[in-house]
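One file, entry.cif, is given below (mmCIF, C-alpha atoms).
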data_protein
loop_
_atom_site.label_atom_id
_atom_site.label_comp_id
_atom_site.auth_asym_id
_atom_site.auth_seq_id
_atom_site.Cartn_x
_atom_site.Cartn_y
_atom_site.Cartn_z
CA CYS A 1 -48.82 204.64 77.66
CA ASP A 2 -48.04 204.84 74.00
CA GLY A 3 -48.72 207.97 72.02
CA HIS A 4 -49.18 211.61 72.87
CA ALA A 5 -52.97 211.73 73.06
CA PRO A 6 -55.93 209.47 73.82
CA ASP A 7 -57.62 207.48 71.07
CA THR A 8 -59.99 209.82 69.22
CA GLU A 9 -62.79 207.23 69.02
CA THR A 10 -62.76 205.92 72.59
CA ALA A 11 -61.18 208.93 74.38
CA THR A 12 -58.93 206.51 76.29
CA TRP A 13 -55.16 206.01 76.37
CA GLY A 14 -53.79 202.82 74.85
CA CYS A 15 -52.18 201.45 78.00
CA GLY A 16 -51.19 197.90 78.73
CA ALA A 17 -49.75 195.85 81.57
CA GLU A 18 -46.09 196.31 82.47
CA ALA A 19 -44.23 193.09 81.73
CA ASP A 20 -42.13 193.24 84.91
CA MET A 21 -44.79 194.56 87.30
CA ALA A 22 -46.94 192.41 89.58
CA LYS A 23 -50.69 192.25 88.94
CA LEU A 24 -52.62 194.76 91.06
CA PRO A 25 -54.23 193.43 94.26
CA LEU A 26 -57.85 193.63 93.13
CA PRO A 27 -60.53 191.33 94.49
CA ILE A 28 -62.52 189.43 91.87
CA GLY A 29 -65.05 191.85 90.43
CA GLY A 30 -63.49 194.71 92.41
CA ARG A 31 -63.33 198.23 91.02
CA LEU A 32 -61.03 201.11 91.84
CA ILE A 33 -62.20 204.65 92.42
CA ALA A 34 -58.69 206.11 92.95
CA ALA A 35 -55.10 204.97 92.55
CA ALA A 36 -51.52 206.30 92.64
CA LEU A 37 -48.19 204.73 91.68
CA GLU A 38 -44.68 205.71 92.79
CA GLU A 39 -41.64 203.91 91.41
CA HIS A 40 -38.30 203.83 93.27
CA ALA A 41 -35.00 202.09 92.68
CA ASP A 42 -35.91 199.74 95.56
CA GLY A 43 -39.39 198.93 94.21
CA ALA A 44 -42.79 200.41 93.56
CA LEU A 45 -45.57 201.65 95.85
CA ILE A 46 -49.25 201.87 95.04
CA ALA A 47 -52.18 203.35 96.89
CA LEU A 48 -55.65 202.08 96.03
CA VAL A 49 -59.19 203.04 97.04
CA TYR A 50 -61.72 200.33 96.20
CA LYS A 51 -65.33 201.10 95.31
CA HIS A 52 -66.60 198.64 97.94
CA LEU A 53 -64.34 200.23 100.62
CA PRO A 54 -64.27 203.97 99.83
CA THR A 55 -63.09 205.12 103.28
CA VAL A 56 -59.70 203.37 103.14
CA ALA A 57 -56.68 203.93 100.90
CA GLY A 58 -54.62 200.74 101.00
CA ILE A 59 -50.87 201.09 100.48
CA PHE A 60 -48.92 198.23 98.90
CA ARG A 61 -45.24 197.66 98.05
CA ALA A 62 -44.04 195.47 95.20
CA ILE A 63 -41.73 192.75 96.46
CA GLY A 64 -40.72 190.23 93.85
CA ASP A 65 -43.71 189.32 91.75
CA ALA A 66 -46.41 190.33 94.28
CA TRP A 67 -47.85 193.34 96.08
CA HIS A 68 -47.66 193.31 99.88
CA PRO A 69 -49.79 195.54 102.15
CA THR A 70 -47.74 198.11 104.04
CA GLY A 71 -50.43 200.31 105.54
CA GLU A 72 -53.65 202.16 105.04
CA VAL A 73 -54.93 205.71 105.30
CA HIS A 74 -58.41 206.73 106.38
CA VAL A 75 -60.39 208.57 103.70
CA PRO A 76 -62.99 210.82 105.33
CA SER A 77 -66.55 209.71 104.62
CA GLY A 78 -68.38 212.27 102.55
CA ALA A 79 -65.11 213.39 100.95
CA GLY A 80 -66.97 213.78 97.67
CA GLY A 81 -64.52 211.65 95.75
CA VAL A 82 -60.81 211.44 96.37
CA HIS A 83 -57.70 211.78 94.25
CA LEU A 84 -54.44 210.14 95.33
CA ALA A 85 -50.80 211.05 94.71
CA PHE A 86 -47.45 210.30 96.29
CA GLY A 87 -45.54 213.42 97.32
CA SER A 88 -42.05 214.33 98.50
CA GLY A 89 -40.41 211.64 96.39
CA GLY A 90 -42.73 208.92 97.65
CA GLU A 91 -42.31 209.87 101.32
CA GLU A 92 -45.95 210.84 101.79
CA LEU A 93 -49.40 210.07 100.45
CA LEU A 94 -51.59 213.01 99.42
CA LEU A 95 -55.38 212.65 99.40
CA THR A 96 -57.30 215.46 97.74
CA THR A 97 -60.98 215.45 98.68
CA GLY A 98 -63.76 216.52 96.36
CA GLY A 99 -63.95 219.76 98.34
CA GLY A 100 -60.27 220.54 97.72
CA GLU A 101 -58.82 219.79 101.17
CA VAL A 102 -55.47 217.95 101.03
CA LEU A 103 -54.71 215.30 103.66
CA ARG A 104 -51.08 214.17 103.98
CA ARG A 105 -49.59 211.11 105.66
CA ARG A 106 -45.85 210.48 106.08
CA LEU A 107 -45.27 206.87 105.03
CA SER A 108 -42.12 206.27 107.11
CA SER A 109 -43.70 207.28 110.45
CA GLY A 110 -47.42 207.01 109.70
CA ARG A 111 -47.79 210.56 111.01
CA VAL A 112 -50.77 212.43 109.61
CA LEU A 113 -49.77 216.02 108.88
CA GLU A 114 -52.05 218.99 109.42
CA PRO A 115 -54.70 219.02 106.66
CA LEU A 116 -54.25 221.77 104.10
CA PRO A 117 -57.55 223.61 103.72
CA THR A 118 -59.22 224.51 100.48
CA PRO A 119 -57.65 227.72 99.13
CA VAL A 120 -59.73 230.89 98.87
CA ALA A 121 -59.49 230.76 95.05
CA ALA A 122 -61.35 227.44 95.12
CA SER A 123 -64.72 229.18 95.03
CA SER A 124 -64.20 229.73 91.31
CA HIS A 125 -62.32 226.47 90.72
CA GLU A 126 -62.88 222.73 90.81
CA LEU A 127 -59.85 221.25 92.62
CA ARG A 128 -58.84 217.91 91.11
CA ALA A 129 -55.48 216.75 92.50
CA ALA A 130 -52.32 217.74 94.37
CA CYS A 131 -48.61 217.00 94.35
CA THR A 132 -45.48 218.44 95.96
CA THR A 133 -42.61 220.20 94.24
CA GLN A 134 -38.99 219.25 94.91
CA GLU A 135 -38.90 222.18 97.34
CA GLY A 136 -41.81 220.73 99.33
CA GLU A 137 -44.43 223.22 98.18
CA LEU A 138 -47.94 222.00 97.48
CA LEU A 139 -49.17 222.32 93.90
CA ARG A 140 -52.87 221.83 93.16
CA LEU A 141 -54.40 221.06 89.79
CA ALA A 142 -57.64 222.98 89.35
CA LEU A 143 -60.18 223.52 86.62
CA ARG A 144 -61.73 226.94 86.09
CA ARG A 145 -64.79 227.55 83.97
CA SER A 146 -63.82 229.95 81.22
CA GLY A 147 -65.96 232.14 79.02
CA SER A 148 -69.40 233.47 79.75
CA GLU A 149 -71.65 232.32 82.56
CA GLY A 150 -73.43 229.88 80.27
CA GLY A 151 -70.18 228.57 78.75
CA SER A 152 -69.05 225.04 79.32
CA ALA A 153 -65.31 225.25 78.62
CA TRP A 154 -62.97 224.45 81.50
CA SER A 155 -59.33 225.57 81.64
CA PRO A 156 -56.65 223.87 83.75
CA GLU A 157 -54.72 225.94 86.29
CA LEU A 158 -52.01 225.22 88.84
CA LEU A 159 -52.37 226.77 92.29
CA LEU A 160 -49.22 226.97 94.41
CA ALA A 161 -49.27 227.08 98.22
CA SER A 162 -46.66 226.30 100.87
CA ALA A 163 -46.86 222.66 102.00
#

Structure encoded using structure tokens:
Amino acid sequence: CDGHAPDTETATWGCGAEADMAKLPLPIGGRLIAAALEEHADGALIALVYKHLPTVAGIFRAIGDAWHPTGEVHVPSGAGGVHLAFGSGGEELLLTTGGGEVLRRRLSSGRVLEPLPTPVAASSHELRAACTTQEGELLRLALRRSGSEGGSAWSPELLLASA
């Protein structure tokens, strides 16, 4: 996206379609509630969770000028919202639930790795997303309410835990 900050009037980034990327596989009138993109030399991967199908994250690979389904991951019902990311250089899909648990699936084997529980520090944080470092450690993006009890300011924090 162009620029270094969102538009001050609309609070949105001025993003547009990539000229050489296939159109996303959205049904007519469909809406996304979560998405992730990973680009590789051999093509791009996307993971999408549709509003009408919130318990499935569909995984697609760009081949030529179209997206082709390559798999899906179960999103637990009652997850309280989900955030998606590709980890380990696109080798796994990370699903962060609204409660802060991180579910991981290896894309090459389909193996679901042991879920990573919500960290103890989460009681004072709102966990928003996760990714992996190059060393394979799990990094979580969290928001922490700052200031007095009645304050409304939130500060971002990164929480590091072994993956």

Quiz prompt | the PyMOL selection byres ((chain A and resi 131) around 8) resolved against shown file, as a PyMOL selection string | solution = chain A and resi 85-87+94+129-130+132-133+138-140

Please write the residues picked by the PyMOL selection byres ((chain A and resi 40-42) around 12) on this file as a compact mmCIF listing (two decimals) with C-alpha atoms, in the coordinates of the input.
# COMPACT_ATOMS: atom_id res chain seq x y z
CA LEU A 37 -48.19 204.73 91.68
CA GLU A 38 -44.68 205.71 92.79
CA GLU A 39 -41.64 203.91 91.41
CA GLY A 43 -39.39 198.93 94.21
CA ALA A 44 -42.79 200.41 93.56
CA LEU A 45 -45.57 201.65 95.85
CA ILE A 46 -49.25 201.87 95.04
CA ARG A 61 -45.24 197.66 98.05
CA ALA A 62 -44.04 195.47 95.20
CA ILE A 63 -41.73 192.75 96.46
CA GLY A 64 -40.72 190.23 93.85
CA PHE A 86 -47.45 210.30 96.29
CA GLY A 89 -40.41 211.64 96.39
CA GLY A 90 -42.73 208.92 97.65
CA GLU A 91 -42.31 209.87 101.32

Using all atoms listed in the file, the shortest atom-to-atom distance to A:Pro156 among A:Gly29, A:Phe60, A:Arg128, A:Glu137 belongs to A:Arg128

Excluding same-chain residues fewer than 4 positions from A:Ile59, what lies within 9 Å of it counting all atoms listed in the file, as a ChimeraX atom specification? /A:45-48,68-73

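Here atom CA of A:Ala22 and atom CA of A:Thr97 stand 28.5 Å from one another.
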
Surrounding residues of A:His74 excluding itself and chain neighbours under 4 positions, 7 Å, all atoms listed in the file, as a PDB file with C-alpha atoms, keeping the file's coordinate frame:
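Result file is around05.pdb:
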ATOM      1  CA  THR A  55     -63.090 205.120 103.280  1.00  0.00           C
ATOM      2  CA  VAL A  56     -59.700 203.370 103.140  1.00  0.00           C
ATOM      3  CA  ALA A  57     -56.680 203.930 100.900  1.00  0.00           C
TER       4      ALA A  57
END

What separates atom CA of A:Ser155 and atom CA of A:Gly100 is a distance of 16.9 Å

Explicit residue set for the PyMOL selection byres ((chain A and resi 81) around 10), as a PyMOL selection string: chain A and resi 33-34+54+75-80+82-83+95-99+128

Review point. For the atom pair atom CA of A:Leu93 and atom CA of A:Arg106, what is the interatomic distance in Å to one decimal place?
Key: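 So the two atoms, atom CA of A:Leu93 and atom CA of A:Arg106, lie 6.7 Å apart.
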
### Given only C-alpha atoms as the counted atoms, nearest of A:Gly30, A:Glu157, A:Arg104, A:Leu113 to A:His125
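The answer is A:Glu157, which sits nearest to A:His125.
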
If you count only C-alpha atoms, the residue of A:Glu92, A:Arg145, A:Leu159, A:Ala36 closest to A:Gly110 turns out to be A:Glu92
